[in-house]
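S.K.: One file: work.tsv (TSV, C-alpha atoms).
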chain	number	residue	atom	x	y	z
A	580	MET	CA	-17.45	42.94	-10.30
A	581	ALA	CA	-14.04	41.26	-10.16
A	582	ALA	CA	-15.64	37.87	-9.55
A	583	LYS	CA	-17.84	38.25	-12.63
A	584	LYS	CA	-14.88	39.21	-14.78
A	585	LEU	CA	-13.00	36.05	-13.82
A	586	TYR	CA	-15.60	33.77	-15.34
A	587	GLU	CA	-15.02	35.15	-18.82
A	588	SER	CA	-11.85	33.07	-19.00
A	589	PHE	CA	-13.47	29.86	-17.66
A	590	SER	CA	-16.36	28.18	-19.47
A	591	LYS	CA	-19.61	27.43	-17.69
A	592	SER	CA	-19.09	23.72	-18.39
A	593	LEU	CA	-15.75	23.83	-16.56
A	594	ILE	CA	-17.30	25.59	-13.55
A	595	ASP	CA	-20.12	23.00	-13.52
A	596	GLU	CA	-17.53	20.23	-13.61
A	597	VAL	CA	-15.65	21.81	-10.68
A	598	HIS	CA	-18.90	21.74	-8.68
A	599	ARG	CA	-19.49	18.11	-9.60
A	600	TRP	CA	-15.98	16.98	-8.62
A	601	SER	CA	-16.00	18.97	-5.40
A	602	ALA	CA	-18.83	16.75	-4.15
A	603	MET	CA	-16.82	13.52	-4.62
A	604	LYS	CA	-15.18	11.72	-1.72
A	605	GLN	CA	-11.47	12.32	-1.07
A	606	THR	CA	-9.14	9.41	-0.31
A	607	GLY	CA	-6.47	9.87	2.36
A	608	VAL	CA	-3.15	8.03	2.55
A	609	SER	CA	-0.84	7.48	5.53
A	610	LEU	CA	2.88	8.13	5.83
A	611	ARG	CA	3.42	4.40	6.28
A	612	TYR	CA	1.47	3.57	3.12
A	613	MET	CA	3.42	6.17	1.09
A	614	MET	CA	6.64	4.70	2.40
A	615	GLU	CA	5.76	1.06	1.73
A	616	PHE	CA	4.23	1.73	-1.69
A	617	GLY	CA	7.11	4.00	-2.75
A	618	SER	CA	9.83	1.60	-1.65
A	619	ARG	CA	9.28	-0.28	-4.94
A	620	PRO	CA	9.02	2.44	-7.62
A	621	THR	CA	8.49	-0.04	-10.48
A	622	GLU	CA	6.88	1.16	-13.71
A	623	ARG	CA	3.70	-0.62	-12.66
A	624	ASN	CA	3.62	1.11	-9.26
A	625	LEU	CA	4.30	4.52	-10.80
A	626	LEU	CA	1.44	3.88	-13.20
A	627	ILE	CA	-0.91	2.98	-10.31
A	628	SER	CA	0.23	6.10	-8.43
A	629	ALA	CA	-0.38	8.36	-11.44
A	630	GLN	CA	-3.83	6.86	-12.03
A	631	PHE	CA	-4.71	7.49	-8.38
A	632	LEU	CA	-3.52	11.14	-8.58
A	633	HIS	CA	-5.35	11.67	-11.89
A	634	LYS	CA	-8.58	10.97	-10.04
A	635	GLU	CA	-7.71	12.30	-6.54
A	636	LEU	CA	-6.09	15.67	-7.31
A	637	PRO	CA	-9.08	17.14	-9.23
A	638	ILE	CA	-11.37	16.30	-6.27
A	639	ARG	CA	-9.08	18.06	-3.77
A	640	ILE	CA	-8.44	21.05	-6.04
A	641	ALA	CA	-12.15	21.43	-6.91
A	642	ARG	CA	-13.07	21.56	-3.21
A	643	ARG	CA	-10.67	24.43	-2.63
A	644	ALA	CA	-11.75	26.29	-5.78
A	645	ILE	CA	-15.39	26.16	-4.62
A	646	GLU	CA	-14.46	27.38	-1.14
A	647	LEU	CA	-12.47	30.26	-2.59
A	648	GLU	CA	-15.72	31.50	-4.15
A	649	SER	CA	-17.73	31.82	-0.97
A	650	LEU	CA	-15.53	33.42	1.66
A	651	PRO	CA	-17.03	35.83	4.20
A	652	TYR	CA	-16.45	39.61	4.46
A	653	GLY	CA	-15.79	39.93	0.72
A	654	LEU	CA	-12.46	38.07	0.91
A	655	SER	CA	-13.36	36.18	-2.31
A	656	GLU	CA	-13.39	39.47	-4.25
A	657	LYS	CA	-9.89	40.57	-3.21
A	658	PRO	CA	-7.52	40.66	-6.22
A	659	ALA	CA	-4.96	38.37	-4.56
A	660	VAL	CA	-7.62	35.75	-3.76
A	661	LEU	CA	-9.01	35.91	-7.31
A	662	LYS	CA	-5.51	35.19	-8.56
A	663	VAL	CA	-5.24	32.11	-6.31
A	664	ARG	CA	-8.65	30.93	-7.52
A	665	ASP	CA	-7.45	31.28	-11.11
A	666	TRP	CA	-4.47	29.04	-10.29
A	667	TYR	CA	-6.78	26.38	-8.83
A	668	LEU	CA	-9.16	26.50	-11.78
A	669	ASP	CA	-6.26	26.31	-14.26
A	670	SER	CA	-4.87	23.28	-12.45
A	671	PHE	CA	-8.27	21.59	-12.33
A	672	ARG	CA	-8.65	22.13	-16.08
A	673	ASP	CA	-5.14	20.75	-16.77
A	674	LEU	CA	-5.90	17.59	-14.77
A	675	ARG	CA	-9.34	17.02	-16.28
A	676	THR	CA	-8.21	17.51	-19.88
A	677	PHE	CA	-5.33	15.07	-19.45
A	678	PRO	CA	-6.25	11.77	-21.16
A	679	GLU	CA	-6.49	8.42	-19.40
A	680	ILE	CA	-3.13	7.09	-18.18
A	681	ARG	CA	-2.56	3.67	-19.76
A	682	GLU	CA	1.19	3.22	-20.17
A	683	THR	CA	4.58	4.52	-19.06
A	684	ASN	CA	4.76	7.34	-21.61
A	685	ASP	CA	1.40	8.67	-20.42
A	686	GLU	CA	2.67	8.44	-16.84
A	687	LEU	CA	5.82	10.41	-17.66
A	688	ASP	CA	3.80	13.15	-19.40
A	689	PHE	CA	1.41	13.27	-16.44
A	690	THR	CA	4.33	13.60	-14.02
A	691	GLN	CA	5.68	16.60	-15.98
A	692	MET	CA	2.25	18.20	-15.88
A	693	ILE	CA	1.73	17.82	-12.10
A	694	LYS	CA	5.27	19.14	-11.59
A	695	MET	CA	4.14	22.29	-13.42
A	696	ILE	CA	0.98	22.47	-11.27
A	697	LYS	CA	3.13	22.37	-8.12
A	698	VAL	CA	5.27	25.26	-9.44
A	699	ARG	CA	2.15	27.25	-10.39
A	700	HIS	CA	1.01	27.06	-6.73
A	701	ASN	CA	4.39	27.96	-5.17
A	702	ASN	CA	3.27	31.39	-4.00
A	703	VAL	CA	-0.20	30.52	-2.74
A	704	VAL	CA	0.65	31.17	0.94
A	705	PRO	CA	2.03	34.73	0.54
A	706	MET	CA	-0.66	35.48	-2.05
A	707	MET	CA	-3.44	34.45	0.35
A	708	ALA	CA	-1.69	36.43	3.09
A	709	LEU	CA	-1.82	39.42	0.77
A	710	GLY	CA	-5.56	38.83	0.25
A	711	VAL	CA	-6.06	38.79	4.02
A	712	GLN	CA	-4.07	42.05	4.27
A	713	GLN	CA	-6.22	43.61	1.53
A	714	LEU	CA	-9.25	42.56	3.58
A	715	LYS	CA	-7.86	43.92	6.86
A	716	LYS	CA	-7.23	47.31	5.24
A	717	GLY	CA	-10.93	47.68	4.51
A	718	LEU	CA	-12.18	46.44	7.89
A	719	ASN	CA	-12.87	48.56	10.91
A	720	PRO	CA	-9.65	48.31	12.98
A	721	LYS	CA	-11.79	48.13	16.14
A	722	MET	CA	-13.46	44.99	14.82
A	723	ASP	CA	-12.89	42.07	17.16
A	724	TYR	CA	-10.93	39.36	15.38
A	725	ASP	CA	-13.20	36.71	16.92
A	726	TYR	CA	-15.54	37.66	14.09
A	727	LEU	CA	-12.90	36.45	11.69
A	728	ASP	CA	-12.99	32.95	13.11
A	729	GLU	CA	-14.69	31.79	9.93
A	730	ILE	CA	-11.78	33.04	7.83
A	731	HIS	CA	-9.31	31.41	10.19
A	732	GLN	CA	-11.09	28.06	9.90
A	733	PHE	CA	-11.19	28.37	6.12
A	734	LEU	CA	-7.45	29.08	5.98
A	735	ASP	CA	-6.73	26.09	8.22
A	736	ARG	CA	-8.69	23.83	5.85
A	737	PHE	CA	-7.21	25.48	2.79
A	738	TYR	CA	-3.58	25.16	3.90
A	739	MET	CA	-4.02	21.64	5.28
A	740	SER	CA	-5.39	20.59	1.92
A	741	ARG	CA	-2.50	22.33	0.16
A	742	ILE	CA	0.05	20.45	2.30
A	743	GLY	CA	-1.63	17.18	1.23
A	744	ILE	CA	-1.74	18.09	-2.47
A	745	ARG	CA	1.94	19.13	-2.47
A	746	MET	CA	2.95	16.02	-0.54
A	747	LEU	CA	1.18	13.71	-3.01
A	748	ILE	CA	2.61	15.48	-6.08
A	749	GLY	CA	6.09	15.84	-4.59
A	750	GLN	CA	6.16	12.20	-3.49
A	751	HIS	CA	5.15	10.94	-6.95
A	752	VAL	CA	7.67	13.18	-8.74
A	753	ALA	CA	10.49	12.26	-6.32
A	754	LEU	CA	9.96	8.54	-6.93
A	755	HIS	CA	11.31	9.12	-10.46
A	756	ASP	CA	14.76	10.04	-9.15
A	757	PRO	CA	17.10	7.43	-10.70
A	758	ASN	CA	19.62	7.88	-7.85
A	759	PRO	CA	17.66	8.57	-4.68
A	760	PRO	CA	19.70	9.50	-1.58
A	761	PRO	CA	20.26	6.53	0.75
A	762	ASP	CA	17.26	5.60	2.93
A	763	CYS	CA	14.96	7.98	1.05
A	764	VAL	CA	11.60	6.97	-0.41
A	765	GLY	CA	10.52	10.04	-2.35
A	766	TYR	CA	10.09	12.86	0.18
A	767	ILE	CA	10.27	10.44	3.13
A	768	HIS	CA	13.56	9.70	4.88
A	769	THR	CA	13.21	6.28	6.50
A	770	LYS	CA	16.07	6.97	8.93
A	771	MET	CA	15.75	10.68	9.58
A	772	SER	CA	17.75	12.06	12.49
A	773	PRO	CA	15.62	14.73	14.23
A	774	MET	CA	18.80	16.01	15.92
A	775	GLU	CA	20.45	16.63	12.55
A	776	VAL	CA	17.39	18.32	11.05
A	777	ALA	CA	17.03	20.48	14.20
A	778	ARG	CA	20.70	21.47	13.93
A	779	ASN	CA	20.37	22.46	10.25
A	780	ALA	CA	17.12	24.38	10.81
A	781	SER	CA	18.68	26.19	13.79
A	782	GLU	CA	21.71	27.23	11.76
A	783	ASP	CA	19.44	28.58	9.02
A	784	ALA	CA	17.43	30.57	11.58
A	785	ARG	CA	20.60	31.89	13.23
A	786	SER	CA	22.00	33.13	9.92
A	787	ILE	CA	18.79	35.11	9.30
A	788	CYS	CA	18.91	36.52	12.84
A	789	LEU	CA	22.55	37.50	12.28
A	790	ARG	CA	21.67	39.19	9.01
A	791	GLU	CA	18.80	41.11	10.58
A	792	TYR	CA	20.26	42.07	13.98
A	793	GLY	CA	24.03	41.75	13.59
A	794	SER	CA	24.26	39.18	16.40
A	795	THR	CA	22.41	36.06	17.47
A	796	PRO	CA	21.87	34.02	20.66
A	797	ASP	CA	23.45	30.57	20.94
A	798	ILE	CA	21.42	27.41	20.50
A	799	ASN	CA	22.06	24.25	22.53
A	800	ILE	CA	20.58	20.97	21.29
A	801	TYR	CA	20.13	17.94	23.56
A	802	GLY	CA	19.12	14.39	22.58
A	803	ASP	CA	20.34	11.09	21.17
A	804	THR	CA	22.35	11.77	18.00
A	805	ASN	CA	21.93	8.13	16.87
A	806	PHE	CA	18.15	8.13	17.07
A	807	THR	CA	16.30	8.02	13.72
A	808	PHE	CA	12.69	7.50	12.62
A	809	PRO	CA	10.78	7.78	9.31
A	810	TYR	CA	9.51	11.28	8.54
A	811	VAL	CA	9.60	14.05	5.91
A	812	PRO	CA	12.74	16.13	6.62
A	813	THR	CA	11.52	19.19	4.69
A	814	HIS	CA	8.40	19.35	6.90
A	815	LEU	CA	10.40	19.02	10.11
A	816	HIS	CA	12.94	21.59	8.94
A	817	LEU	CA	10.17	24.09	8.21
A	818	MET	CA	8.59	23.63	11.66
A	819	VAL	CA	11.79	23.77	13.72
A	820	PHE	CA	13.07	26.72	11.66
A	821	GLU	CA	9.88	28.66	12.42
A	822	LEU	CA	9.97	27.92	16.16
A	823	VAL	CA	13.68	28.70	16.53
A	824	LYS	CA	13.34	31.88	14.49
A	825	ASN	CA	10.54	33.10	16.79
A	826	SER	CA	12.65	32.31	19.87
A	827	LEU	CA	15.76	34.00	18.47
A	828	ARG	CA	13.75	37.11	17.67
A	829	ALA	CA	12.19	37.25	21.15
A	830	VAL	CA	15.52	36.80	22.95
A	831	GLN	CA	17.37	39.16	20.62
A	832	GLU	CA	14.83	41.95	21.07
A	833	ARG	CA	14.66	41.46	24.83
A	834	PHE	CA	18.42	41.59	25.36
A	835	MET	CA	19.41	43.93	22.53
A	836	ASP	CA	20.01	46.96	24.73
A	837	SER	CA	20.98	45.00	27.84
A	838	ASP	CA	24.48	44.56	29.18
A	839	LYS	CA	23.59	40.95	30.03
A	840	VAL	CA	24.57	38.14	27.68
A	841	ALA	CA	21.54	36.84	25.79
A	842	PRO	CA	20.64	33.39	27.21
A	843	PRO	CA	20.84	30.46	24.77
A	844	ILE	CA	17.83	28.78	23.22
A	845	ARG	CA	17.51	25.14	24.25
A	846	ILE	CA	16.22	22.41	21.97
A	847	ILE	CA	15.46	18.99	23.49
A	848	VAL	CA	14.64	15.97	21.32
A	849	ALA	CA	12.87	13.13	23.15
A	850	ASP	CA	11.99	9.78	21.58
A	851	GLY	CA	8.88	8.23	23.10
A	852	ILE	CA	7.05	5.10	22.00
A	853	GLU	CA	4.18	6.97	20.28
A	854	ASP	CA	5.67	10.40	19.68
A	855	VAL	CA	8.95	12.08	19.04
A	856	THR	CA	8.75	15.43	20.84
A	857	ILE	CA	10.96	18.42	20.16
A	858	LYS	CA	10.88	21.20	22.74
A	859	VAL	CA	12.19	24.67	21.87
A	860	SER	CA	12.70	26.78	25.02
A	861	ASP	CA	13.64	30.44	25.17
A	862	GLU	CA	13.96	33.20	27.75
A	863	GLY	CA	12.61	35.87	25.45
A	864	GLY	CA	10.09	37.32	27.90
A	865	GLY	CA	7.11	35.17	27.00
A	866	ILE	CA	3.69	36.06	25.64
A	867	PRO	CA	0.89	37.52	27.81
A	868	ARG	CA	-1.85	34.97	28.49
A	869	SER	CA	-4.40	37.19	26.75
A	870	GLY	CA	-2.30	37.05	23.58
A	871	LEU	CA	-1.86	33.27	23.49
A	872	PRO	CA	-5.11	32.40	21.66
A	873	ARG	CA	-4.10	34.79	18.89
A	874	ILE	CA	-0.72	33.29	18.08
A	875	PHE	CA	-2.30	30.59	15.92
A	876	THR	CA	-4.49	32.98	13.96
A	877	TYR	CA	-3.65	34.23	10.48
A	878	LEU	CA	-4.54	37.83	11.23
A	879	TYR	CA	-2.21	38.51	14.11
A	880	SER	CA	1.12	39.57	12.69
A	881	THR	CA	2.07	43.18	12.26
A	882	ALA	CA	4.99	42.07	10.10
A	883	LYS	CA	5.25	43.13	6.50
A	884	ASN	CA	4.34	40.58	3.86
A	885	PRO	CA	7.29	39.95	1.50
A	886	LEU	CA	4.65	40.24	-1.23
A	887	ASP	CA	3.24	43.70	-1.07
A	888	GLU	CA	0.87	45.19	-3.59
A	889	GLN	CA	3.61	46.19	-6.00
A	890	SER	CA	6.08	43.37	-5.62
A	891	ASP	CA	7.20	40.96	-8.25
A	892	LEU	CA	6.08	37.43	-7.39
A	893	GLY	CA	9.38	35.99	-8.52
A	894	THR	CA	11.33	37.65	-5.74
A	895	ALA	CA	9.08	36.47	-2.93
A	896	ASN	CA	11.27	33.67	-1.64
A	897	VAL	CA	13.46	35.63	0.76
A	898	ALA	CA	13.02	34.41	4.32
A	899	THR	CA	12.58	37.13	6.91
A	900	MET	CA	12.68	37.11	10.69
A	901	ALA	CA	9.10	38.23	11.02
A	902	GLY	CA	7.44	36.43	8.13
A	903	TYR	CA	3.86	37.48	7.50
A	904	GLY	CA	2.15	36.01	10.50
A	905	PHE	CA	1.42	32.61	9.00
A	906	GLY	CA	4.43	30.72	10.39
A	907	LEU	CA	2.96	29.27	13.60
A	908	PRO	CA	-0.49	28.27	12.31
A	909	ILE	CA	1.04	26.65	9.22
A	910	SER	CA	3.70	24.85	11.30
A	911	ARG	CA	0.91	23.39	13.44
A	912	LEU	CA	-0.84	22.13	10.30
A	913	TYR	CA	2.37	20.43	9.10
A	914	ALA	CA	2.60	18.68	12.48
A	915	GLN	CA	-1.07	17.65	12.39
A	916	TYR	CA	-0.83	16.41	8.78
A	917	PHE	CA	0.98	13.25	9.90
A	918	GLY	CA	-0.86	12.89	13.21
A	919	GLY	CA	1.26	15.19	15.43
A	920	ASP	CA	0.62	18.58	17.01
A	921	LEU	CA	2.22	21.83	18.13
A	922	GLN	CA	1.60	23.42	21.55
A	923	ILE	CA	2.93	26.68	22.95
A	924	ILE	CA	3.28	27.21	26.72
A	925	SER	CA	4.39	30.64	27.87
A	926	MET	CA	5.49	32.32	31.10
A	927	GLU	CA	5.03	36.03	30.72
A	928	GLY	CA	8.09	37.82	32.08
A	929	TYR	CA	10.33	34.82	31.43
A	930	GLY	CA	10.00	32.92	28.17
A	931	THR	CA	8.19	30.45	25.95
A	932	ASP	CA	8.31	26.68	25.44
A	933	ALA	CA	7.09	25.20	22.17
A	934	TYR	CA	6.34	21.46	22.12
A	935	LEU	CA	6.37	19.90	18.67
A	936	HIS	CA	4.87	16.38	18.78
A	937	LEU	CA	5.52	14.11	15.80
A	938	SER	CA	3.72	10.79	15.51
A	939	ARG	CA	6.26	7.99	15.39
A	940	LEU	CA	3.89	5.36	14.14
A	941	GLY	CA	3.17	6.94	10.75
A	942	ASP	CA	-0.17	5.17	10.36
A	943	SER	CA	-2.61	8.04	10.87
A	944	GLN	CA	-4.58	8.95	7.73
A	945	GLU	CA	-4.15	12.40	6.17
A	946	PRO	CA	-6.70	14.91	7.53
A	947	LEU	CA	-9.03	15.63	4.61
A	948	PRO	CA	-10.75	19.01	4.98
Translate the structure described by the file into structure tokens.
M.R.:
Amino acid sequence: MAAKKLYESFSKSLIDEVHRWSAMKQTGVSLRYMMEFGSRPTERNLLISAQFLHKELPIRIARRAIELESLPYGLSEKPAVLKVRDWYLDSFRDLRTFPEIRETNDELDFTQMIKMIKVRHNNVVPMMALGVQQLKKGLNPKMDYDYLDEIHQFLDRFYMSRIGIRMLIGQHVALHDPNPPPDCVGYIHTKMSPMEVARNASEDARSICLREYGSTPDINIYGDTNFTFPYVPTHLHLMVFELVKNSLRAVQERFMDSDKVAPPIRIIVADGIEDVTIKVSDEGGGIPRSGLPRIFTYLYSTAKNPLDEQSDLGTANVATMAGYGFGLPISRLYAQYFGGDLQIISMEGYGTDAYLHLSRLGDSQEPLP
């Protein structure tokens, strides 16, 4: 019934239009293109960018809205998922009712509107996680999660698309900054130091570990401090933070009641010709081989979602040590978005190595699910 109720607030003509736009072809852009195009944020270029987004964003948003309607196991009917679908339909309507962009004033109004769309979608990840939890509650606990492969694949597509939408909006909005930080083109830092980002992300993860456990293992970082390459620092921060947080938690829990000193976590940054690779190594006891395939699924974590049924959405930004089980799969998507990858190698009884590969060339097209 919930699905029926939703349509009362959206006209049939809008739903038909969503279906029509969802069938159109998406257009991907590369990191290099974003960087070169954004390095000259003239009024004309901002106008071209806005006109591109005015056509591209409705296609991407429509595809996700349609997919949200047809999820298996009744996931589409879960209240949290209906809420997310409402956000997507609202955003589609906002974009489609916005008039043609002809001059700078139109472009500035459009930029304000897509900024609002980005804010509207801030809590999509925890809200979808809540929908998955609502689904899990109703499923037979003995049910093999292989059956849920379909949901996992949907979430991969859904979150990859969301990364792209937020990157395109964020990049366009950031190009309006009258005083951009040195060497920054929108979200992209043309001379990003992976060592520096790794250090900042590690400190953030350590402070959470300290807050949660009262103590925290050391972190040693190795690599060339002068090495830089173009990348999106917020993406790298998110990925390294997630990996280090997992390692800190594993080591902390393994050595909590031991009289031995907890061994440090080691981060190694290597600059190759094709890839920059960041390895995060811990001695937190590792993961059994049978558990490895599950670490990249969205249904694995036993951790509590910061959004529970009763919570206020506005307070959902507190980082926790455990997260809600979406950290690793989403980190892998961030790596893959610009042509990289994330691999986890584990030695049960000893520890885990995470290899984060980032493409140095920046010319791979966005994946377009």
S.K.: Give me, please, the distance in Å between CA of Asp685 in chain A and CA of Ile640 in chain A, quoted to one decimal.
M.R.: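 Distance reported for this atom pair: 21.4 Å.
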S.K.: Restricting the calculation to all atoms listed in the file: of A:Ala849, A:Leu636, A:Met613, A:Leu827, which residue gets closest to Arg675 in chain A?
M.R.: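 Ranking A:Ala849, A:Leu636, A:Met613, A:Leu827 by distance to Arg675 in chain A, first place goes to A:Leu636.
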S.K.: With only C-alpha atoms as the counted atoms, please give the residues lying no more than 8 Å from range 850-858 of chain A, apart from itself and same-chain residues fewer than 6 positions off, as a list in words.
M.R.: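 My reading of the contact set: Phe806, Gly919, Asp932, Ala933, Tyr934, Leu935, His936, Leu937, Ser938, Arg939 and Leu940 of chain A.
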S.K.: Show me, as a tab-separated table, the residues of range 681-755 of chain A having an atom within 6 Å of range 761-783 of chain A, each with the closest atom pair and its distance in Å, using only C-alpha atoms.
M.R.:
residue	atom	partner	partner_atom	distance
A:Gln750	CA	A:Gly765	CA	5.0
A:Ala753	CA	A:Gly765	CA	4.5
A:Leu754	CA	A:Gly765	CA	4.9
S.K.: Between A:Gly863, A:Tyr877, A:Ser740, A:Val823, which residue has the minimum interatomic distance to Ala708 in chain A, considering all atoms listed in the file?
M.R.: A:Tyr877
S.K.: Contacts of Gln630 in chain A at 10 Å or less, counting all atoms listed in the file, minus same-chain residues fewer than 5 places along, as a list in words?
M.R.: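 Result of the neighbour search: Asn624, Leu625, Glu635, Glu679, Ile680, Arg681, Glu686 and Phe689 of chain A.
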S.K.: Please compute the CA of Asp838 in chain A-CA of Gly793 in chain A distance, one decimal, in Å.
M.R.: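 One can read the CA of Asp838 in chain A to CA of Gly793 in chain A distance as 15.8 Å.
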S.K.: When you draw a straight line from CA of Arg623 in chain A to CA of Pro759 in chain A, how long is it in Å?
M.R.: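 We find that CA of Arg623 in chain A and CA of Pro759 in chain A lie 18.5 Å from each other.
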S.K.: For Asp836 in chain A, which of A:Tyr792, A:Arg639, A:Asn701, A:Val848 is the closest residue, counting all atoms listed in the file?
M.R.: A:Tyr792
S.K.: Would you write out, as CSV, a table of all residues in range 749-836 of chain A that have an atom no more than 10 Å from an atom of range 909-918 of chain A, listing for each the closest atom pair and the distance in Å to one decimal, considering all atoms listed in the file and ordering rows by chain and rising residue number?
M.R.:
residue,atom,partner,partner_atom,distance
A:Tyr810,CA,A:Phe917,CA,8.9
A:Val811,CA,A:Phe917,CA,9.5
A:His814,CA,A:Tyr913,CA,6.5
A:Leu815,CA,A:Ala914,CA,8.2
A:Leu817,CA,A:Ser910,CA,7.2
A:Met818,CA,A:Ser910,CA,5.1
A:Val819,CA,A:Ser910,CA,8.5
A:Phe820,CA,A:Ser910,CA,9.6
A:Glu821,CA,A:Ser910,CA,7.3
A:Leu822,CA,A:Ser910,CA,8.5
S.K.: For Ser601 in chain A, which residue among A:Ala644, A:Met692, A:Leu727, A:Ala629 is the nearest when counting all atoms listed in the file?
M.R.: A:Ala644
S.K.: Using only C-alpha atoms for the distances, tell me which of A:Leu610, A:Leu871, A:Val840, A:Val830 is nearest to Gly930 in chain A.
M.R.: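 Comparing A:Leu610, A:Leu871, A:Val840, A:Val830 against Gly930 in chain A, the winner is A:Val830.
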S.K.: Please output range 847-860 of chain A, rebuilt to include N, CA and C atoms, as a PDB file, keeping the file's coordinate frame.
M.R.:
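Written out: result00.pdb:
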ATOM      1  N   ILE A 847      15.361  20.347  22.930  1.00  0.00           N
ATOM      2  CA  ILE A 847      15.460  18.990  23.490  1.00  0.00           C
ATOM      3  C   ILE A 847      14.659  18.044  22.599  1.00  0.00           C
ATOM      4  N   VAL A 848      15.308  16.964  22.161  1.00  0.00           N
ATOM      5  CA  VAL A 848      14.640  15.970  21.320  1.00  0.00           C
ATOM      6  C   VAL A 848      14.436  14.709  22.161  1.00  0.00           C
ATOM      7  N   ALA A 849      13.172  14.313  22.345  1.00  0.00           N
ATOM      8  CA  ALA A 849      12.870  13.130  23.150  1.00  0.00           C
ATOM      9  C   ALA A 849      12.176  12.086  22.282  1.00  0.00           C
ATOM     10  N   ASP A 850      12.649  10.827  22.377  1.00  0.00           N
ATOM     11  CA  ASP A 850      11.990   9.780  21.580  1.00  0.00           C
ATOM     12  C   ASP A 850      11.139   8.897  22.470  1.00  0.00           C
ATOM     13  N   GLY A 851       9.824   9.075  22.360  1.00  0.00           N
ATOM     14  CA  GLY A 851       8.880   8.230  23.100  1.00  0.00           C
ATOM     15  C   GLY A 851       8.435   7.069  22.235  1.00  0.00           C
ATOM     16  N   ILE A 852       7.518   6.272  22.766  1.00  0.00           N
ATOM     17  CA  ILE A 852       7.050   5.100  22.000  1.00  0.00           C
ATOM     18  C   ILE A 852       6.071   5.562  20.915  1.00  0.00           C
ATOM     19  N   GLU A 853       5.160   6.482  21.268  1.00  0.00           N
ATOM     20  CA  GLU A 853       4.180   6.970  20.280  1.00  0.00           C
ATOM     21  C   GLU A 853       4.683   8.180  19.527  1.00  0.00           C
ATOM     22  N   ASP A 854       5.290   9.104  20.261  1.00  0.00           N
ATOM     23  CA  ASP A 854       5.670  10.400  19.680  1.00  0.00           C
ATOM     24  C   ASP A 854       7.161  10.655  19.818  1.00  0.00           C
ATOM     25  N   VAL A 855       7.660  11.397  18.857  1.00  0.00           N
ATOM     26  CA  VAL A 855       8.950  12.080  19.040  1.00  0.00           C
ATOM     27  C   VAL A 855       8.571  13.521  19.364  1.00  0.00           C
ATOM     28  N   THR A 856       9.099  14.063  20.466  1.00  0.00           N
ATOM     29  CA  THR A 856       8.750  15.430  20.840  1.00  0.00           C
ATOM     30  C   THR A 856       9.998  16.297  20.812  1.00  0.00           C
ATOM     31  N   ILE A 857       9.859  17.458  20.204  1.00  0.00           N
ATOM     32  CA  ILE A 857      10.960  18.420  20.160  1.00  0.00           C
ATOM     33  C   ILE A 857      10.495  19.668  20.905  1.00  0.00           C
ATOM     34  N   LYS A 858      11.241  20.009  21.959  1.00  0.00           N
ATOM     35  CA  LYS A 858      10.880  21.200  22.740  1.00  0.00           C
ATOM     36  C   LYS A 858      11.866  22.313  22.432  1.00  0.00           C
ATOM     37  N   VAL A 859      11.344  23.486  22.100  1.00  0.00           N
ATOM     38  CA  VAL A 859      12.190  24.670  21.870  1.00  0.00           C
ATOM     39  C   VAL A 859      11.881  25.657  22.995  1.00  0.00           C
ATOM     40  N   SER A 860      12.892  25.930  23.835  1.00  0.00           N
ATOM     41  CA  SER A 860      12.700  26.780  25.020  1.00  0.00           C
ATOM     42  C   SER A 860      13.513  28.061  24.894  1.00  0.00           C
TER      43      SER A 860
END
